[in-house]
Structure formats: C-alpha cells, structure tokens
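Next comes entry_0.pdb, a file with PDB, C-alpha atoms and all ligand atoms.
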```
ATOM      1  CA  MET A   1      -3.594 169.663 131.784  1.00  0.00           C
ATOM      2  CA  LYS A   2      -4.476 173.326 131.595  1.00  0.00           C
ATOM      3  CA  LYS A   3      -1.610 175.721 131.064  1.00  0.00           C
ATOM      4  CA  THR A   4      -1.253 178.522 133.565  1.00  0.00           C
ATOM      5  CA  GLU A   5      -0.382 181.977 132.430  1.00  0.00           C
ATOM      6  CA  LEU A   6       2.597 183.340 134.337  1.00  0.00           C
ATOM      7  CA  LEU A   7       2.448 186.929 135.429  1.00  0.00           C
ATOM      8  CA  PHE A   8       5.584 188.963 136.065  1.00  0.00           C
ATOM      9  CA  LEU A   9       5.602 192.010 138.236  1.00  0.00           C
ATOM     10  CA  LYS A  10       8.516 194.422 138.124  1.00  0.00           C
ATOM     11  CA  GLU A  11       9.211 196.264 141.333  1.00  0.00           C
ATOM     12  CA  ASP A  12      12.182 198.023 142.821  1.00  0.00           C
ATOM     13  CA  VAL A  13      12.850 197.251 146.448  1.00  0.00           C
ATOM     14  CA  ASP A  14      14.938 199.635 148.493  1.00  0.00           C
ATOM     15  CA  ILE A  15      16.762 197.684 151.193  1.00  0.00           C
ATOM     16  CA  PRO A  16      19.269 199.922 152.957  1.00  0.00           C
ATOM     17  CA  TYR A  17      21.619 198.203 155.364  1.00  0.00           C
ATOM     18  CA  ASN A  18      24.900 198.812 157.125  1.00  0.00           C
ATOM     19  CA  TRP A  19      27.447 196.535 158.696  1.00  0.00           C
ATOM     20  CA  ALA A  20      30.575 197.100 160.737  1.00  0.00           C
ATOM     21  CA  ALA A  21      33.809 196.949 158.763  1.00  0.00           C
ATOM     22  CA  GLY A  22      35.661 195.772 161.886  1.00  0.00           C
ATOM     23  CA  ARG A  23      38.709 197.194 163.619  1.00  0.00           C
ATOM     24  CA  TYR A  24      41.155 196.787 160.732  1.00  0.00           C
ATOM     25  CA  GLY A  25      38.579 197.330 157.989  1.00  0.00           C
ATOM     26  CA  SER A  26      37.546 200.616 159.596  1.00  0.00           C
ATOM     27  CA  LEU A  27      41.166 201.697 159.925  1.00  0.00           C
ATOM     28  CA  PHE A  28      41.827 200.813 156.283  1.00  0.00           C
ATOM     29  CA  LEU A  29      38.758 202.634 154.945  1.00  0.00           C
ATOM     30  CA  THR A  30      39.106 205.676 157.212  1.00  0.00           C
ATOM     31  CA  ARG A  31      42.747 206.300 156.272  1.00  0.00           C
ATOM     32  CA  LEU A  32      41.891 205.698 152.605  1.00  0.00           C
ATOM     33  CA  ARG A  33      39.145 208.343 152.819  1.00  0.00           C
ATOM     34  CA  ASP A  34      40.840 210.902 155.047  1.00  0.00           C
ATOM     35  CA  GLU A  35      44.467 210.674 153.940  1.00  0.00           C
ATOM     36  CA  GLY A  36      44.404 208.874 150.602  1.00  0.00           C
ATOM     37  CA  LYS A  37      46.705 206.208 152.035  1.00  0.00           C
ATOM     38  CA  PHE A  38      46.746 202.437 151.962  1.00  0.00           C
ATOM     39  CA  ILE A  39      47.089 200.830 155.381  1.00  0.00           C
ATOM     40  CA  GLY A  40      48.077 197.200 155.776  1.00  0.00           C
ATOM     41  CA  ASN A  41      49.474 195.093 158.571  1.00  0.00           C
ATOM     42  CA  ARG A  42      52.468 192.801 159.017  1.00  0.00           C
ATOM     43  CA  CYS A  43      52.619 189.368 160.608  1.00  0.00           C
ATOM     44  CA  PRO A  44      55.313 189.296 163.344  1.00  0.00           C
ATOM     45  CA  SER A  45      55.930 185.605 162.689  1.00  0.00           C
ATOM     46  CA  CYS A  46      56.396 185.312 158.913  1.00  0.00           C
ATOM     47  CA  GLY A  47      56.650 188.986 157.927  1.00  0.00           C
ATOM     48  CA  LYS A  48      53.811 188.794 155.425  1.00  0.00           C
ATOM     49  CA  VAL A  49      52.115 192.174 154.780  1.00  0.00           C
ATOM     50  CA  TYR A  50      48.373 192.174 154.188  1.00  0.00           C
ATOM     51  CA  LEU A  51      46.252 194.725 152.352  1.00  0.00           C
ATOM     52  CA  PRO A  52      43.573 195.295 153.452  1.00  0.00           C
ATOM     53  CA  PRO A  53      44.759 194.472 156.986  1.00  0.00           C
ATOM     54  CA  ARG A  54      43.576 191.176 158.436  1.00  0.00           C
ATOM     55  CA  VAL A  55      42.811 190.001 161.937  1.00  0.00           C
ATOM     56  CA  VAL A  56      44.954 186.877 161.624  1.00  0.00           C
ATOM     57  CA  CYS A  57      47.744 185.640 159.345  1.00  0.00           C
ATOM     58  CA  GLY A  58      46.395 182.607 157.523  1.00  0.00           C
ATOM     59  CA  PRO A  59      49.624 180.559 157.362  1.00  0.00           C
ATOM     60  CA  CYS A  60      50.726 181.386 160.961  1.00  0.00           C
ATOM     61  CA  PHE A  61      47.439 181.952 162.815  1.00  0.00           C
ATOM     62  CA  THR A  62      49.184 184.952 164.359  1.00  0.00           C
ATOM     63  CA  PRO A  63      47.561 188.389 164.731  1.00  0.00           C
ATOM     64  CA  PRO A  64      49.470 190.742 162.370  1.00  0.00           C
ATOM     65  CA  GLU A  65      49.262 193.702 164.717  1.00  0.00           C
ATOM     66  CA  GLU A  66      51.972 195.923 163.211  1.00  0.00           C
ATOM     67  CA  ILE A  67      50.248 198.576 161.123  1.00  0.00           C
ATOM     68  CA  VAL A  68      52.081 199.344 157.876  1.00  0.00           C
ATOM     69  CA  GLU A  69      51.580 202.378 155.661  1.00  0.00           C
ATOM     70  CA  LEU A  70      51.981 201.402 152.029  1.00  0.00           C
ATOM     71  CA  GLY A  71      52.655 203.643 149.056  1.00  0.00           C
ATOM     72  CA  ASP A  72      50.335 204.175 146.121  1.00  0.00           C
ATOM     73  CA  THR A  73      52.468 202.368 143.554  1.00  0.00           C
ATOM     74  CA  GLY A  74      52.690 198.717 142.711  1.00  0.00           C
ATOM     75  CA  THR A  75      52.818 196.073 140.020  1.00  0.00           C
ATOM     76  CA  LEU A  76      50.045 194.842 137.768  1.00  0.00           C
ATOM     77  CA  VAL A  77      50.125 191.096 138.367  1.00  0.00           C
ATOM     78  CA  SER A  78      47.187 190.020 136.223  1.00  0.00           C
ATOM     79  CA  TYR A  79      44.319 191.655 134.404  1.00  0.00           C
ATOM     80  CA  SER A  80      41.261 191.126 132.275  1.00  0.00           C
ATOM     81  CA  VAL A  81      39.829 193.493 129.672  1.00  0.00           C
ATOM     82  CA  VAL A  82      36.085 193.140 130.082  1.00  0.00           C
ATOM     83  CA  ASN A  83      33.870 193.508 127.013  1.00  0.00           C
ATOM     84  CA  TYR A  84      30.571 192.472 128.548  1.00  0.00           C
ATOM     85  CA  PRO A  85      28.407 195.184 130.128  1.00  0.00           C
ATOM     86  CA  PHE A  86      27.900 193.714 133.601  1.00  0.00           C
ATOM     87  CA  ILE A  87      25.668 195.537 136.057  1.00  0.00           C
ATOM     88  CA  ASP A  88      27.799 197.865 138.146  1.00  0.00           C
ATOM     89  CA  PRO A  89      26.785 197.384 141.801  1.00  0.00           C
ATOM     90  CA  GLU A  90      27.798 200.986 142.480  1.00  0.00           C
ATOM     91  CA  THR A  91      25.336 202.455 140.008  1.00  0.00           C
ATOM     92  CA  GLY A  92      22.832 199.697 139.235  1.00  0.00           C
ATOM     93  CA  SER A  93      23.473 200.359 135.543  1.00  0.00           C
ATOM     94  CA  ARG A  94      25.482 198.465 132.994  1.00  0.00           C
ATOM     95  CA  ARG A  95      29.113 199.451 133.242  1.00  0.00           C
ATOM     96  CA  PRO A  96      30.393 201.002 129.991  1.00  0.00           C
ATOM     97  CA  ILE A  97      32.709 198.681 128.094  1.00  0.00           C
ATOM     98  CA  PRO A  98      35.486 197.968 127.612  1.00  0.00           C
ATOM     99  CA  TYR A  99      37.106 198.275 131.034  1.00  0.00           C
ATOM    100  CA  THR A 100      40.042 196.552 132.677  1.00  0.00           C
ATOM    101  CA  LEU A 101      40.047 194.826 136.024  1.00  0.00           C
ATOM    102  CA  GLY A 102      43.483 194.076 137.442  1.00  0.00           C
ATOM    103  CA  TYR A 103      45.190 192.391 140.331  1.00  0.00           C
ATOM    104  CA  ILE A 104      47.681 194.829 141.779  1.00  0.00           C
ATOM    105  CA  ARG A 105      50.408 194.093 144.304  1.00  0.00           C
ATOM    106  CA  LEU A 106      51.341 197.313 146.041  1.00  0.00           C
ATOM    107  CA  ASP A 107      55.034 197.779 146.803  1.00  0.00           C
ATOM    108  CA  GLY A 108      55.935 196.205 150.139  1.00  0.00           C
ATOM    109  CA  CYS A 109      52.760 194.123 150.247  1.00  0.00           C
ATOM    110  CA  ASP A 110      52.292 190.372 149.834  1.00  0.00           C
ATOM    111  CA  THR A 111      48.630 190.314 148.858  1.00  0.00           C
ATOM    112  CA  TYR A 112      46.750 191.538 145.816  1.00  0.00           C
ATOM    113  CA  LEU A 113      44.186 194.258 145.420  1.00  0.00           C
ATOM    114  CA  SER A 114      41.528 193.932 142.745  1.00  0.00           C
ATOM    115  CA  HIS A 115      40.774 197.242 141.062  1.00  0.00           C
ATOM    116  CA  PHE A 116      40.232 199.004 137.760  1.00  0.00           C
ATOM    117  CA  VAL A 117      43.112 199.921 135.467  1.00  0.00           C
ATOM    118  CA  ASP A 118      42.637 202.888 133.125  1.00  0.00           C
ATOM    119  CA  GLU A 119      44.023 201.131 130.048  1.00  0.00           C
ATOM    120  CA  THR A 120      41.839 198.917 127.857  1.00  0.00           C
ATOM    121  CA  ASP A 121      44.146 198.291 124.910  1.00  0.00           C
ATOM    122  CA  PRO A 122      45.404 194.698 125.308  1.00  0.00           C
ATOM    123  CA  ALA A 123      48.525 195.620 123.305  1.00  0.00           C
ATOM    124  CA  LYS A 124      49.487 198.072 126.062  1.00  0.00           C
ATOM    125  CA  LEU A 125      48.827 195.693 128.942  1.00  0.00           C
ATOM    126  CA  THR A 126      51.136 193.024 130.295  1.00  0.00           C
ATOM    127  CA  PRO A 127      51.821 191.549 133.723  1.00  0.00           C
ATOM    128  CA  GLY A 128      54.643 193.371 135.458  1.00  0.00           C
ATOM    129  CA  LEU A 129      53.632 196.906 134.485  1.00  0.00           C
ATOM    130  CA  ARG A 130      54.121 199.553 137.136  1.00  0.00           C
ATOM    131  CA  VAL A 131      50.881 201.193 138.264  1.00  0.00           C
ATOM    132  CA  LYS A 132      49.886 204.044 140.556  1.00  0.00           C
ATOM    133  CA  ALA A 133      46.610 204.641 142.377  1.00  0.00           C
ATOM    134  CA  VAL A 134      44.475 207.605 141.310  1.00  0.00           C
ATOM    135  CA  PHE A 135      42.322 208.786 144.214  1.00  0.00           C
ATOM    136  CA  ARG A 136      39.106 210.726 144.026  1.00  0.00           C
ATOM    137  CA  PRO A 137      39.369 214.301 145.305  1.00  0.00           C
ATOM    138  CA  ARG A 138      39.140 214.362 149.137  1.00  0.00           C
ATOM    139  CA  GLU A 139      35.644 215.939 149.123  1.00  0.00           C
ATOM    140  CA  GLU A 140      34.299 213.036 147.029  1.00  0.00           C
ATOM    141  CA  ARG A 141      35.700 210.208 149.157  1.00  0.00           C
ATOM    142  CA  THR A 142      33.278 208.284 151.337  1.00  0.00           C
ATOM    143  CA  GLY A 143      35.369 205.518 152.912  1.00  0.00           C
ATOM    144  CA  ARG A 144      35.052 202.833 150.256  1.00  0.00           C
ATOM    145  CA  LEU A 145      37.569 201.103 148.028  1.00  0.00           C
ATOM    146  CA  GLN A 146      36.000 203.154 145.233  1.00  0.00           C
ATOM    147  CA  ASP A 147      37.691 206.197 146.791  1.00  0.00           C
ATOM    148  CA  VAL A 148      40.416 204.983 144.455  1.00  0.00           C
ATOM    149  CA  LEU A 149      39.144 205.741 140.954  1.00  0.00           C
ATOM    150  CA  HIS A 150      41.542 203.363 139.246  1.00  0.00           C
ATOM    151  CA  PHE A 151      45.198 202.558 138.794  1.00  0.00           C
ATOM    152  CA  LYS A 152      47.117 204.201 135.960  1.00  0.00           C
ATOM    153  CA  ILE A 153      50.130 202.760 134.223  1.00  0.00           C
ATOM    154  CA  VAL A 154      53.361 204.606 134.959  1.00  0.00           C
ATOM    155  CA  ASP A 155      56.813 204.154 133.486  1.00  0.00           C
TER     156      ASP A 155
HETATM  157 ZN    ZN A 201      52.372 184.960 159.316  1.00  0.00          ZN
END
```
Show me the file's structure as structure tokens.
Ligand SMILES: [Zn+2]
Amino acid sequence: MKKTELLFLKEDVDIPYNWAAGRYGSLFLTRLRDEGKFIGNRCPSCGKVYLPPRVVCGPCFTPPEEIVELGDTGTLVSYSVVNYPFIDPETGSRRPIPYTLGYIRLDGCDTYLSHFVDETDPAKLTPGLRVKAVFRPREERTGRLQDVLHFKIVD
C-alpha cells in the first residue's frame, strides 16, 4: 500500500457572531458594565439567591423574579493555581502563568462565581478567605464578566 503524504494548511478564520444574553443575562451584564454592580435574583419559594440571575429556580421550578443587588465582597470557596499556559479565549494567546482561578460566593448569594484571584502563592491561599471584586474602569467595560478584572484578597 502506498503511503499518502498529508498536507497541513494553516488558516485563520474570522467567524463573528452574537447571541442574546436573555432578559436576566442582559440585566446582569448591563448593570455590571454601567454601574459596576452584581445583580442576582431570589426565589420566592426557597429564598435561594442566584448570581447570575436565572429564569427558574432549579430545586423549586419557580421563577425567581425578585431582583437582588449584591455587594462586591464574598468568600473564596475553592481555587486552583494554574501553571499550564492555556489559550486565553479573550486574547487567543497563551495566558501568562501562574494564575489563580477561584470559586467565589458573594455575600448574600447561594451560588458561586468562577473568576480570577490576584494571588498565586499557594501559601497565601485557603478556602474561606474574604475577597473583593476589582472592576475595570467604567470606560473600559463592555458588558462581559471580564468587566471584573479579578478578585483581590481582603482582610
Ligand atoms: Zn427555589
């Protein structure tokens, strides 16, 4: 059997697309961009507060229609210090290492937010640390979760 030479072509394909964030997603992202505030919603049946807001409470199947404004502080629940240079979907380049990705539970909220934490020394990280969101300056915000630069550890 004759071997076939494989050819590889490298091309960049630009595929721009948009999709609707939905009623609650739009509210969440707009208030994040315009006011630097986190908006969630509360289930009237079980009291659970969601961030970002959801259309329905999973355990109750009830629309959590009460809008709740949350603060910018919370608790680091879990984290991972990443030492592999994954491709950053925001830039298309390898993200500089190390960096820390954390699960943060904002005060008054029952769900977790995944975001960057500005500490990469494992000796200084532990679940339960208090953290605070650091927003981009208003003129740099575009209505994405990345309008929050990262969370910083506070005493
Ligand atoms: Zn509920």
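Among the candidates A:Tyr79, A:Tyr103, A:Phe116, A:Phe8, the residue lying nearest to Leu145 in chain A is A:Phe116 (atoms considered: all atoms listed in the file).
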Can you spell out as a PDB file with C-alpha atoms, in the frame of the given file the set of residues that the PyMOL selection byres (((chain A and resi 84) around 9) and not hetatm) selects in the structure I just provided?
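Written out: expr_13.pdb:
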```pdb
ATOM      1  CA  VAL A  82      36.085 193.140 130.082  1.00  0.00           C
ATOM      2  CA  ASN A  83      33.870 193.508 127.013  1.00  0.00           C
ATOM      3  CA  PRO A  85      28.407 195.184 130.128  1.00  0.00           C
ATOM      4  CA  PHE A  86      27.900 193.714 133.601  1.00  0.00           C
ATOM      5  CA  ARG A  95      29.113 199.451 133.242  1.00  0.00           C
ATOM      6  CA  PRO A  96      30.393 201.002 129.991  1.00  0.00           C
ATOM      7  CA  ILE A  97      32.709 198.681 128.094  1.00  0.00           C
ATOM      8  CA  PRO A  98      35.486 197.968 127.612  1.00  0.00           C
TER       9      PRO A  98
END
```
### Query
Please, which residues have at least one atom within 9 Å of an atom of ligand ZN 201 (chain A), using only C-alpha atoms and all ligand atoms, listed as a PyMOL selection string?
chain A and resi 42-49+56-64
Quick one: write out the picked residues with C-alpha atoms as a tab-separated table (two decimals), keeping the file's coordinate frame?
```tsv
chain	number	residue	atom	x	y	z
A	42	ARG	CA	52.47	192.80	159.02
A	43	CYS	CA	52.62	189.37	160.61
A	44	PRO	CA	55.31	189.30	163.34
A	45	SER	CA	55.93	185.60	162.69
A	46	CYS	CA	56.40	185.31	158.91
A	47	GLY	CA	56.65	188.99	157.93
A	48	LYS	CA	53.81	188.79	155.43
A	49	VAL	CA	52.12	192.17	154.78
A	56	VAL	CA	44.95	186.88	161.62
A	57	CYS	CA	47.74	185.64	159.34
A	58	GLY	CA	46.40	182.61	157.52
A	59	PRO	CA	49.62	180.56	157.36
A	60	CYS	CA	50.73	181.39	160.96
A	61	PHE	CA	47.44	181.95	162.82
A	62	THR	CA	49.18	184.95	164.36
A	63	PRO	CA	47.56	188.39	164.73
A	64	PRO	CA	49.47	190.74	162.37
```
### Query
Written as a PyMOL selection string, which residues does the PyMOL selection byres (((chain A and resi 125) around 12) and not hetatm) give for the file shown?
chain A and resi 75-81+100-102+117-124+126-131+152-154
### Task
Have a look at CA of Ala133 in chain A and CA of Tyr17 in chain A and let me know their distance in Å, one decimal.
28.9 Å
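Each of A:Arg33, A:Asp110, A:Gly22, A:Glu5 was checked against Val55 in chain A using all atoms listed in the file; the smallest atom-to-atom distance is that of A:Gly22.
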Fewer than 5 positions away in the same chain doesn't count, so skip those; otherwise give me all residues within 7 Å of Val148 in chain A, counting only C-alpha atoms, as a PDB file with C-alpha atoms, keeping the file's coordinate frame.
```pdb
ATOM      1  CA  ALA A 133      46.610 204.641 142.377  1.00  0.00           C
ATOM      2  CA  VAL A 134      44.475 207.605 141.310  1.00  0.00           C
ATOM      3  CA  PHE A 135      42.322 208.786 144.214  1.00  0.00           C
ATOM      4  CA  ARG A 136      39.106 210.726 144.026  1.00  0.00           C
TER       5      ARG A 136
END
```
### Message
At a cut-off of 9 Å, using only C-alpha atoms, what residues contact range 24-30 of chain A? Leave out same-chain residues fewer than 5 positions from it and give the result as an NGL selection string.
### Response
:A and (35 or 37-41 or 51-55 or 142-145 or 147)
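The space separating CA of Val68 in chain A from CA of Leu149 in chain A comes to 22.2 Å.
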### Task
Please indicate the distance in Å from CA of Ile67 in chain A to CA of Cys109 in chain A, rounded to one decimal place.
12.0 Å
How big is the axis-aligned box, and where does its centre sit, when it encloses all atoms of range 6-13 of chain A listed in the file and has 4 Å added on every side, reported in Å to one decimal as lines of an AutoDock Vina configuration file?
```
center_x = 7.6
center_y = 190.7
center_z = 140.4
size_x = 18.4
size_y = 22.7
size_z = 20.1
```
### Message
Counting all atoms listed in the file, find residues at most 9 Å from (55.1, 200.5, 143.1) (file frame) and give them as an MDAnalysis selection string.
### Response
chainID A and resid 71:75 105:108 130:132
